[in-house]
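File shown: work_22.cif. Contents: mmCIF, C-alpha atoms.
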data_run
loop_
_atom_site.label_atom_id
_atom_site.label_comp_id
_atom_site.auth_asym_id
_atom_site.auth_seq_id
_atom_site.Cartn_x
_atom_site.Cartn_y
_atom_site.Cartn_z
CA MET A 358 18.54 -18.07 -6.23
CA PRO A 359 14.76 -17.61 -5.97
CA THR A 360 13.12 -15.25 -8.46
CA ALA A 361 10.38 -12.81 -7.44
CA LEU A 362 8.18 -10.89 -9.87
CA ILE A 363 6.67 -7.69 -8.45
CA THR A 364 3.88 -5.76 -10.16
CA GLY A 365 3.65 -2.11 -9.12
CA ILE A 366 7.43 -1.97 -8.74
CA THR A 367 7.58 1.83 -9.08
CA GLY A 368 5.24 2.38 -6.11
CA GLN A 369 6.03 2.83 -2.44
CA ASP A 370 5.54 -0.84 -1.50
CA GLY A 371 7.26 -2.11 -4.63
CA SER A 372 10.43 -0.20 -3.80
CA TYR A 373 10.61 -1.39 -0.18
CA LEU A 374 9.78 -4.98 -1.14
CA ALA A 375 12.47 -4.99 -3.85
CA GLU A 376 15.02 -3.78 -1.29
CA LEU A 377 14.02 -6.53 1.13
CA LEU A 378 14.11 -9.33 -1.46
CA LEU A 379 17.45 -8.21 -2.89
CA SER A 380 18.90 -8.26 0.63
CA LYS A 381 17.71 -11.87 0.91
CA GLY A 382 19.44 -12.92 -2.31
CA TYR A 383 16.46 -12.94 -4.69
CA ARG A 384 16.59 -12.15 -8.36
CA VAL A 385 13.96 -9.39 -8.62
CA ILE A 386 11.90 -8.73 -11.75
CA GLY A 387 9.91 -5.53 -11.48
CA VAL A 388 6.88 -4.99 -13.71
CA ALA A 389 5.93 -1.47 -14.79
CA ARG A 390 3.30 -0.28 -17.25
CA ARG A 391 4.60 1.36 -20.37
CA SER A 392 4.28 5.12 -20.11
CA SER A 393 5.72 8.07 -22.00
CA THR A 394 6.90 9.47 -18.66
CA VAL A 395 8.05 6.53 -16.56
CA THR A 396 9.21 7.58 -13.11
CA TYR A 397 11.74 5.32 -11.43
CA GLU A 398 12.41 7.77 -8.60
CA ARG A 399 11.62 5.29 -5.81
CA ILE A 400 13.71 2.45 -7.29
CA GLU A 401 16.50 4.44 -8.96
CA HIS A 402 19.03 3.21 -6.39
CA LEU A 403 18.09 -0.42 -7.18
CA LEU A 404 18.15 -0.39 -10.98
CA ASP A 405 21.64 -1.92 -11.22
CA ASP A 406 20.58 -4.87 -9.06
CA MET A 407 17.19 -5.75 -10.54
CA THR A 408 15.43 -6.08 -13.89
CA VAL A 409 12.51 -3.80 -14.80
CA VAL A 410 10.24 -5.02 -17.59
CA GLN A 411 7.04 -3.82 -19.21
CA GLY A 412 3.75 -5.51 -18.41
CA ASP A 413 0.15 -4.56 -17.82
CA LEU A 414 -2.62 -6.06 -15.71
CA HIS A 415 -5.00 -5.07 -18.52
CA ASP A 416 -3.21 -7.43 -20.88
CA GLN A 417 -3.35 -11.18 -20.20
CA GLY A 418 -0.83 -11.88 -22.95
CA SER A 419 1.86 -9.69 -21.40
CA LEU A 420 1.46 -11.50 -18.05
CA LEU A 421 1.73 -14.93 -19.66
CA ALA A 422 4.85 -13.84 -21.54
CA LEU A 423 6.51 -12.51 -18.37
CA LEU A 424 5.85 -15.70 -16.42
CA GLU A 425 7.10 -17.84 -19.30
CA GLU A 426 10.29 -15.83 -19.72
CA TYR A 427 11.35 -15.23 -16.12
CA ARG A 428 9.88 -18.33 -14.38
CA PRO A 429 9.41 -16.69 -10.95
CA THR A 430 9.02 -18.73 -7.79
CA GLU A 431 7.02 -15.91 -6.17
CA VAL A 432 4.69 -13.23 -7.59
CA TYR A 433 3.74 -10.17 -5.55
CA ASN A 434 0.77 -8.33 -7.04
CA LEU A 435 1.07 -4.78 -5.70
CA ALA A 436 -0.16 -2.95 -8.82
CA ALA A 437 -3.49 -1.17 -8.46
CA GLN A 438 -5.25 2.10 -9.02
CA SER A 439 -4.73 2.77 -5.34
CA PHE A 440 -5.79 6.38 -4.70
CA VAL A 441 -9.30 6.27 -3.24
CA PRO A 442 -10.53 9.70 -4.48
CA THR A 443 -9.44 8.82 -8.04
CA SER A 444 -11.51 5.64 -7.83
CA TRP A 445 -14.61 7.85 -7.68
CA ASN A 446 -13.51 9.72 -10.81
CA GLN A 447 -12.47 6.55 -12.66
CA PRO A 448 -14.52 3.69 -11.18
CA ALA A 449 -14.47 1.45 -14.26
CA LEU A 450 -10.70 1.81 -14.70
CA THR A 451 -10.22 1.06 -11.01
CA GLY A 452 -12.25 -2.15 -11.42
CA GLU A 453 -10.28 -3.18 -14.52
CA ILE A 454 -6.91 -2.91 -12.78
CA THR A 455 -7.57 -3.43 -9.09
CA ALA A 456 -10.15 -6.22 -9.49
CA LEU A 457 -9.94 -7.93 -12.88
CA GLY A 458 -6.16 -7.47 -13.03
CA VAL A 459 -5.85 -9.91 -10.12
CA THR A 460 -7.85 -12.51 -12.05
CA ARG A 461 -5.68 -12.10 -15.12
CA MET A 462 -2.52 -12.67 -13.08
CA LEU A 463 -3.97 -15.70 -11.27
CA GLU A 464 -5.07 -17.19 -14.59
CA ALA A 465 -1.62 -16.61 -16.05
CA ILE A 466 -0.02 -18.36 -13.06
CA ARG A 467 -2.47 -21.26 -13.30
CA PHE A 468 -1.66 -21.67 -16.98
CA VAL A 469 2.16 -21.31 -16.80
CA ASN A 470 3.00 -22.84 -13.41
CA PRO A 471 0.37 -23.26 -10.66
CA LYS A 472 3.16 -23.91 -8.14
CA ILE A 473 4.20 -20.24 -8.20
CA ARG A 474 3.50 -18.62 -4.83
CA PHE A 475 1.22 -15.60 -5.19
CA TYR A 476 0.70 -12.61 -2.90
CA GLN A 477 -2.31 -10.33 -3.32
CA ALA A 478 -2.22 -6.86 -1.79
CA SER A 479 -5.64 -6.57 -0.16
CA SER A 480 -6.65 -3.49 1.81
CA SER A 481 -8.29 -2.33 5.02
CA GLU A 482 -10.52 -0.19 2.77
CA MET A 483 -12.46 -3.42 2.20
CA PHE A 484 -13.86 -3.06 5.73
CA GLY A 485 -15.17 0.43 4.94
CA LYS A 486 -18.21 1.08 7.11
CA VAL A 487 -16.85 -1.23 9.76
CA LEU A 488 -19.15 -3.87 11.25
CA GLU A 489 -16.88 -4.63 14.21
CA VAL A 490 -13.95 -3.01 15.99
CA PRO A 491 -11.13 -3.94 15.70
CA GLN A 492 -11.08 -5.65 12.28
CA CYS A 493 -9.60 -9.13 11.81
CA GLU A 494 -9.54 -11.78 9.08
CA THR A 495 -13.17 -12.81 9.72
CA THR A 496 -14.67 -9.31 9.90
CA PRO A 497 -17.32 -8.83 7.16
CA PHE A 498 -16.49 -6.38 4.38
CA TYR A 499 -18.51 -3.22 3.73
CA PRO A 500 -16.48 -1.17 1.22
CA ARG A 501 -17.28 2.52 0.80
CA SER A 502 -15.51 3.39 -2.44
CA PRO A 503 -14.96 1.88 -5.91
CA TYR A 504 -11.40 1.16 -4.76
CA GLY A 505 -12.63 -0.75 -1.72
CA VAL A 506 -15.15 -2.69 -3.84
CA ALA A 507 -12.45 -3.61 -6.36
CA LYS A 508 -10.13 -4.76 -3.58
CA VAL A 509 -12.90 -7.02 -2.19
CA TYR A 510 -13.16 -8.67 -5.60
CA GLY A 511 -9.39 -9.10 -5.79
CA HIS A 512 -9.33 -10.60 -2.31
CA TRP A 513 -12.11 -13.11 -2.90
CA ILE A 514 -10.86 -14.19 -6.32
CA THR A 515 -7.52 -14.93 -4.63
CA VAL A 516 -9.28 -17.06 -2.02
CA ASN A 517 -11.27 -18.79 -4.78
CA TYR A 518 -8.16 -19.75 -6.74
CA ARG A 519 -6.52 -20.94 -3.53
CA GLU A 520 -9.45 -23.21 -2.69
CA SER A 521 -10.49 -24.27 -6.21
CA PHE A 522 -7.10 -25.00 -7.77
CA ASN A 523 -4.95 -25.68 -4.68
CA MET A 524 -2.72 -22.74 -5.56
CA PHE A 525 -0.48 -21.01 -3.02
CA ALA A 526 -2.38 -17.71 -3.11
CA ALA A 527 -2.04 -15.59 0.03
CA SER A 528 -3.80 -12.32 0.74
CA GLY A 529 -2.44 -9.57 2.98
CA ILE A 530 -5.16 -7.27 4.31
CA LEU A 531 -2.86 -4.36 4.99
CA PHE A 532 -3.95 -1.34 6.95
CA ASN A 533 -2.63 2.10 6.00
CA HIS A 534 1.14 2.04 5.63
CA GLU A 535 3.10 5.18 4.88
CA SER A 536 6.66 6.38 4.36
CA PRO A 537 8.68 9.23 2.83
CA ARG A 538 8.10 7.41 -0.49
CA ARG A 539 4.31 7.79 -0.28
CA GLY A 540 2.73 9.72 -3.17
CA LEU A 541 2.07 13.40 -2.54
CA GLU A 542 -1.66 12.90 -3.20
CA PHE A 543 -2.10 10.77 -0.05
CA VAL A 544 -3.13 12.67 3.07
CA THR A 545 -0.16 11.62 5.22
CA ARG A 546 2.38 12.77 2.64
CA LYS A 547 0.29 15.83 1.88
CA ILE A 548 0.62 16.73 5.57
CA SER A 549 4.38 16.06 5.85
CA ASP A 550 5.09 17.95 2.62
CA GLY A 551 2.79 20.80 3.70
CA VAL A 552 4.46 21.09 7.10
CA ALA A 553 7.89 21.23 5.47
CA ARG A 554 6.77 23.91 3.00
CA ILE A 555 5.20 26.03 5.76
CA LYS A 556 8.29 25.69 7.96
CA LEU A 557 10.52 26.79 5.06
CA GLY A 558 8.24 29.74 4.23
CA ARG A 559 7.06 28.28 0.92
CA ALA A 560 3.40 27.91 1.92
CA LYS A 561 1.03 29.63 4.34
CA GLU A 562 -1.71 27.04 4.84
CA LEU A 563 -2.57 23.36 4.46
CA ARG A 564 -6.04 22.48 3.17
CA LEU A 565 -7.38 19.07 4.26
CA GLY A 566 -10.67 17.18 4.43
CA ASN A 567 -12.08 15.38 7.47
CA LEU A 568 -9.67 15.81 10.40
CA GLU A 569 -11.64 13.39 12.57
CA SER A 570 -11.17 10.45 10.20
CA GLN A 571 -9.21 7.73 12.00
CA ARG A 572 -6.73 5.25 10.57
CA ASP A 573 -4.34 2.55 11.71
CA TRP A 574 -1.05 3.87 10.28
CA GLY A 575 2.26 2.00 10.13
CA PHE A 576 5.56 2.09 8.24
CA ALA A 577 5.56 0.57 4.74
CA GLY A 578 9.07 -0.82 5.21
CA ASP A 579 7.76 -2.99 8.06
CA TYR A 580 4.72 -4.18 6.12
CA VAL A 581 6.62 -5.61 3.14
CA GLU A 582 8.37 -7.93 5.61
CA ALA A 583 4.93 -9.37 6.42
CA MET A 584 4.23 -9.89 2.69
CA TRP A 585 7.40 -11.93 2.29
CA ARG A 586 6.70 -13.97 5.43
CA MET A 587 3.25 -14.92 4.12
CA LEU A 588 4.83 -16.65 1.11
CA GLN A 589 7.29 -18.59 3.31
CA GLN A 590 4.55 -20.44 5.22
CA ASP A 591 3.56 -24.08 4.72
CA LYS A 592 0.07 -23.12 3.56
CA PRO A 593 -1.47 -19.98 2.05
CA GLU A 594 -3.84 -17.92 4.17
CA SER A 595 -5.17 -14.39 4.59
CA TYR A 596 -3.62 -12.10 7.20
CA VAL A 597 -4.52 -8.71 8.64
CA VAL A 598 -1.42 -6.54 9.02
CA GLY A 599 -1.52 -3.35 11.06
CA MET A 600 -0.39 -1.62 14.23
CA GLY A 601 -3.51 -2.39 16.25
CA GLU A 602 -3.96 1.27 17.18
CA THR A 603 -5.81 4.18 15.65
CA HIS A 604 -5.00 7.85 15.17
CA SER A 605 -6.93 10.73 13.63
CA VAL A 606 -5.82 12.98 10.80
CA ARG A 607 -5.92 15.77 13.39
CA GLU A 608 -3.42 13.89 15.58
CA PHE A 609 -1.15 13.31 12.58
CA CYS A 610 -1.21 17.08 11.95
CA GLU A 611 -0.57 17.86 15.60
CA ILE A 612 2.57 15.68 15.78
CA ALA A 613 3.87 16.80 12.39
CA PHE A 614 3.57 20.54 13.11
CA ARG A 615 4.84 20.20 16.68
CA HIS A 616 7.94 18.45 15.33
CA VAL A 617 8.94 21.75 13.65
CA ASP A 618 7.74 23.91 16.58
CA LEU A 619 4.51 25.05 14.95
CA ASP A 620 0.82 24.83 15.99
CA TYR A 621 -1.34 23.09 13.37
CA ASN A 622 -4.33 25.26 14.37
CA ASP A 623 -2.60 28.24 12.79
CA TYR A 624 -2.21 26.63 9.38
CA VAL A 625 -4.68 23.79 8.73
CA VAL A 626 -7.89 24.69 6.89
CA GLN A 627 -10.70 22.14 6.51
CA ASP A 628 -12.01 22.15 2.95
CA GLU A 629 -15.17 20.24 1.94
CA LYS A 630 -13.60 19.69 -1.49
CA PHE A 631 -11.42 17.00 0.09
CA TYR A 632 -14.22 15.07 1.81
CA ARG A 633 -15.09 11.64 0.36
CA PRO A 634 -18.63 10.98 -0.95
CA ALA A 635 -18.85 8.08 1.56
CA GLU A 636 -16.37 8.37 4.40
CA VAL A 637 -14.55 5.56 6.17
CA ASP A 638 -14.46 6.87 9.72
CA LEU A 639 -12.65 4.30 11.87
CA LEU A 640 -10.20 1.61 10.83
CA ILE A 641 -8.24 -0.32 13.47
CA SER A 642 -6.60 -3.70 12.97
CA ASP A 643 -6.37 -6.83 15.03
CA PRO A 644 -3.01 -8.18 13.74
CA SER A 645 -2.76 -10.97 16.33
CA LYS A 646 -2.76 -13.73 13.67
CA ALA A 647 0.10 -12.12 11.72
CA ARG A 648 2.08 -11.69 14.92
CA ALA A 649 1.44 -15.24 16.15
CA VAL A 650 1.78 -17.18 12.86
CA LEU A 651 4.22 -15.01 10.90
CA GLY A 652 6.21 -13.77 13.89
CA TRP A 653 5.81 -10.27 12.45
CA GLU A 654 6.34 -7.17 14.59
CA PRO A 655 6.52 -3.51 13.49
CA SER A 656 9.76 -1.67 14.19
CA ILE A 657 8.58 1.94 13.76
CA THR A 658 6.00 3.65 16.02
CA PHE A 659 3.32 6.01 14.77
CA LYS A 660 5.11 9.09 16.14
CA GLU A 661 8.43 7.95 14.60
CA LEU A 662 6.66 7.49 11.27
CA VAL A 663 5.22 11.02 11.30
CA THR A 664 8.51 12.69 12.23
CA MET A 665 10.45 10.55 9.73
CA MET A 666 8.17 11.75 6.93
CA VAL A 667 8.43 15.41 7.95
CA ASP A 668 12.24 15.21 8.19
CA ALA A 669 12.46 13.56 4.76
CA ASP A 670 10.34 16.28 3.15
CA LEU A 671 12.34 19.03 4.85
CA GLU A 672 15.55 17.52 3.48
CA ARG A 673 14.06 17.07 0.00
CA LEU A 674 12.84 20.66 -0.17
CA HIS A 675 16.14 21.99 1.20
CA GLN A 676 17.91 20.30 -1.71
CA LYS A 677 15.50 21.92 -4.19
CA LYS A 678 16.51 25.46 -3.28
#
This structure in structure tokens:
Amino acid sequence: MPTALITGITGQDGSYLAELLLSKGYRVIGVARRSSTVTYERIEHLLDDMTVVQGDLHDQGSLLALLEEYRPTEVYNLAAQSFVPTSWNQPALTGEITALGVTRMLEAIRFVNPKIRFYQASSSEMFGKVLEVPQCETTPFYPRSPYGVAKVYGHWITVNYRESFNMFAASGILFNHESPRRGLEFVTRKISDGVARIKLGRAKELRLGNLESQRDWGFAGDYVEAMWRMLQQDKPESYVVGMGETHSVREFCEIAFRHVDLDYNDYVVQDEKFYRPAEVDLLISDPSKARAVLGWEPSITFKELVTMMVDADLERLHQKK
């Protein structure tokens, strides 16, 4: 039975990845930071089948101890300060976790067992002010937020360890991936939750930032399959994972409101408070390498993703009556 260690286990991607690996017969060790209010909401249904342990990307010693104790064959580093607006409020903290945390984990692997296969969660935010459209593995990076800058560091340190120490260190440059398990602070979930609240008469408006901002959105459950496939290859590489299509925040709103027979124009209010200091206007992936080499294909369309999220929030709010 292979053993996988997943940092960021309590997040959206951690929960879907744990489900996938358990279905494939893995022993799953989930790593969560110690907190006085730990929320296991996304992985509650998995707790009987996996082990959740405390660890912190700030603390090299805790990472070494985890690797020594559980001897994983694969490590998936999903932990990060991943909310872009927060990275502007806490840029140094974002760098500590999202950038230097990757180095600490790679060093721990190199010390304990350099044969462990490592996956780094890179991000399309690294492309930022895009220098070519669409974006592929060789597109230059131009990050536009502390989060994007930290992810660039994490990506390149992964490549450096791969090339310098012959470690199996793969990097997945994932474009935006969403689901009903997405945090409420992210714009897609903010929209689906807002639509549900308006439909149920619990809210009268939805305040958003730049409606013209465009993203390449896919389903998180599909994207964790690509992560796993990267670690099953003969050699470690970097892969762009995305849908290869772009949609605006406005279009997301349009589909979400229409799904419950409402017109978004009647409810959406643009608020400058939610604009980024430096906006990323257009992200669109070229996932041809992932499709050709990994044999990866998404199973959920953009429209299906939007309606799935709205339906899930309607059901959740119905149960909270």
Taking the file above as input, evaluate the PyMOL selection byres ((chain A and resi 490) around 8) and report the hits as a PDB file with C-alpha atoms, keeping the file's coordinate frame.
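Result file follows (part-v2.pdb):
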ATOM      1  CA  VAL A 487     -16.850  -1.230   9.760  1.00  0.00           C
ATOM      2  CA  LEU A 488     -19.150  -3.870  11.250  1.00  0.00           C
ATOM      3  CA  GLU A 489     -16.880  -4.630  14.210  1.00  0.00           C
ATOM      4  CA  PRO A 491     -11.130  -3.940  15.700  1.00  0.00           C
ATOM      5  CA  GLN A 492     -11.080  -5.650  12.280  1.00  0.00           C
ATOM      6  CA  LEU A 640     -10.200   1.610  10.830  1.00  0.00           C
ATOM      7  CA  ILE A 641      -8.240  -0.320  13.470  1.00  0.00           C
ATOM      8  CA  SER A 642      -6.600  -3.700  12.970  1.00  0.00           C
TER       9      SER A 642
END
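Taking CA of Thr664 (chain A) and CA of Thr603 (chain A) as endpoints, the distance between them is 17.0 Å.
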Task: Test item: the PyMOL selection byres ((chain A and resi 552) around 8) resolved as JSON, numbers by chain - done: {"A": [548, 549, 550, 551, 553, 554, 555, 556, 563, 613, 614, 617, 667]}
Task: Pick from A:Asn446, A:Ser502, A:Asp405, A:Val388, whichever lies nearest to Leu423 (chain A) using all atoms listed in the file - done: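 Checking each candidate against Leu423 (chain A), we get A:Val388 as the closest.
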TODO: List every protein, DNA or RNA residue with an atom no more than 8 Å from (3.8, -24.2, -7.3) in the file's coordinates, counting only C-alpha atoms, and format the result as a VMD selection string.
DONE: chain A and resid 430 470 to 474 524 to 525
How would the residues just chosen look if you wrote them out with C-alpha atoms as an mmCIF file, in the coordinates of the input?
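Result file follows (out_35.cif):
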data_model
loop_
_atom_site.group_PDB
_atom_site.id
_atom_site.type_symbol
_atom_site.label_atom_id
_atom_site.label_comp_id
_atom_site.auth_asym_id
_atom_site.auth_seq_id
_atom_site.Cartn_x
_atom_site.Cartn_y
_atom_site.Cartn_z
ATOM 1 C CA THR A 430 9.020 -18.730 -7.790
ATOM 2 C CA ASN A 470 3.000 -22.840 -13.410
ATOM 3 C CA PRO A 471 0.370 -23.260 -10.660
ATOM 4 C CA LYS A 472 3.160 -23.910 -8.140
ATOM 5 C CA ILE A 473 4.200 -20.240 -8.200
ATOM 6 C CA ARG A 474 3.500 -18.620 -4.830
ATOM 7 C CA MET A 524 -2.720 -22.740 -5.560
ATOM 8 C CA PHE A 525 -0.480 -21.010 -3.020
#
TODO: Calculate how many Å separate CA of Ile454 (chain A) from CA of Pro503 (chain A), rounding to one decimal.
DONE: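 About the pair CA of Ile454 (chain A) and CA of Pro503 (chain A): they are 11.6 Å apart.
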Open item on the list: Once the PyMOL selection byres ((chain A and resi 414-419) around 10) is applied to the coordinates I shared, what remains selected? I want it as a PyMOL selection string.
Closed with: chain A and resi 364-365+388-390+411-413+420-425+434+436-437+450+453-462+464-465
Suppose we keep C-alpha atoms; can you now write the selection as a PDB file, keeping the file's coordinate frame?
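As a result, again_9.pdb now contains:
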ATOM      1  CA  THR A 364       3.880  -5.760 -10.160  1.00  0.00           C
ATOM      2  CA  GLY A 365       3.650  -2.110  -9.120  1.00  0.00           C
ATOM      3  CA  VAL A 388       6.880  -4.990 -13.710  1.00  0.00           C
ATOM      4  CA  ALA A 389       5.930  -1.470 -14.790  1.00  0.00           C
ATOM      5  CA  ARG A 390       3.300  -0.280 -17.250  1.00  0.00           C
ATOM      6  CA  GLN A 411       7.040  -3.820 -19.210  1.00  0.00           C
ATOM      7  CA  GLY A 412       3.750  -5.510 -18.410  1.00  0.00           C
ATOM      8  CA  ASP A 413       0.150  -4.560 -17.820  1.00  0.00           C
ATOM      9  CA  LEU A 420       1.460 -11.500 -18.050  1.00  0.00           C
ATOM     10  CA  LEU A 421       1.730 -14.930 -19.660  1.00  0.00           C
ATOM     11  CA  ALA A 422       4.850 -13.840 -21.540  1.00  0.00           C
ATOM     12  CA  LEU A 423       6.510 -12.510 -18.370  1.00  0.00           C
ATOM     13  CA  LEU A 424       5.850 -15.700 -16.420  1.00  0.00           C
ATOM     14  CA  GLU A 425       7.100 -17.840 -19.300  1.00  0.00           C
ATOM     15  CA  ASN A 434       0.770  -8.330  -7.040  1.00  0.00           C
ATOM     16  CA  ALA A 436      -0.160  -2.950  -8.820  1.00  0.00           C
ATOM     17  CA  ALA A 437      -3.490  -1.170  -8.460  1.00  0.00           C
ATOM     18  CA  LEU A 450     -10.700   1.810 -14.700  1.00  0.00           C
ATOM     19  CA  GLU A 453     -10.280  -3.180 -14.520  1.00  0.00           C
ATOM     20  CA  ILE A 454      -6.910  -2.910 -12.780  1.00  0.00           C
ATOM     21  CA  THR A 455      -7.570  -3.430  -9.090  1.00  0.00           C
ATOM     22  CA  ALA A 456     -10.150  -6.220  -9.490  1.00  0.00           C
ATOM     23  CA  LEU A 457      -9.940  -7.930 -12.880  1.00  0.00           C
ATOM     24  CA  GLY A 458      -6.160  -7.470 -13.030  1.00  0.00           C
ATOM     25  CA  VAL A 459      -5.850  -9.910 -10.120  1.00  0.00           C
ATOM     26  CA  THR A 460      -7.850 -12.510 -12.050  1.00  0.00           C
ATOM     27  CA  ARG A 461      -5.680 -12.100 -15.120  1.00  0.00           C
ATOM     28  CA  MET A 462      -2.520 -12.670 -13.080  1.00  0.00           C
ATOM     29  CA  GLU A 464      -5.070 -17.190 -14.590  1.00  0.00           C
ATOM     30  CA  ALA A 465      -1.620 -16.610 -16.050  1.00  0.00           C
TER      31      ALA A 465
END
Open item on the list: Residues near Met600 (chain A), anyone? I mean within 12 Å using all atoms listed in the file, not counting same-chain ones fewer than 3 positions away, as a ChimeraX atom specification.
Closed with: /A:491-492,531-534,572-577,579-580,597,603-604,640-645,647-648,653-659,662
- [ ] Identify which of the residues A:Ala478, A:Ile514, A:Leu362, A:Val625 lies closest to Lys561 (chain A), counting all atoms listed in the file when measuring atom-to-atom distances.
- [x]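 Checking each of A:Ala478, A:Ile514, A:Leu362, A:Val625 against Lys561 (chain A), counting all atoms listed in the file, the winner is A:Val625.
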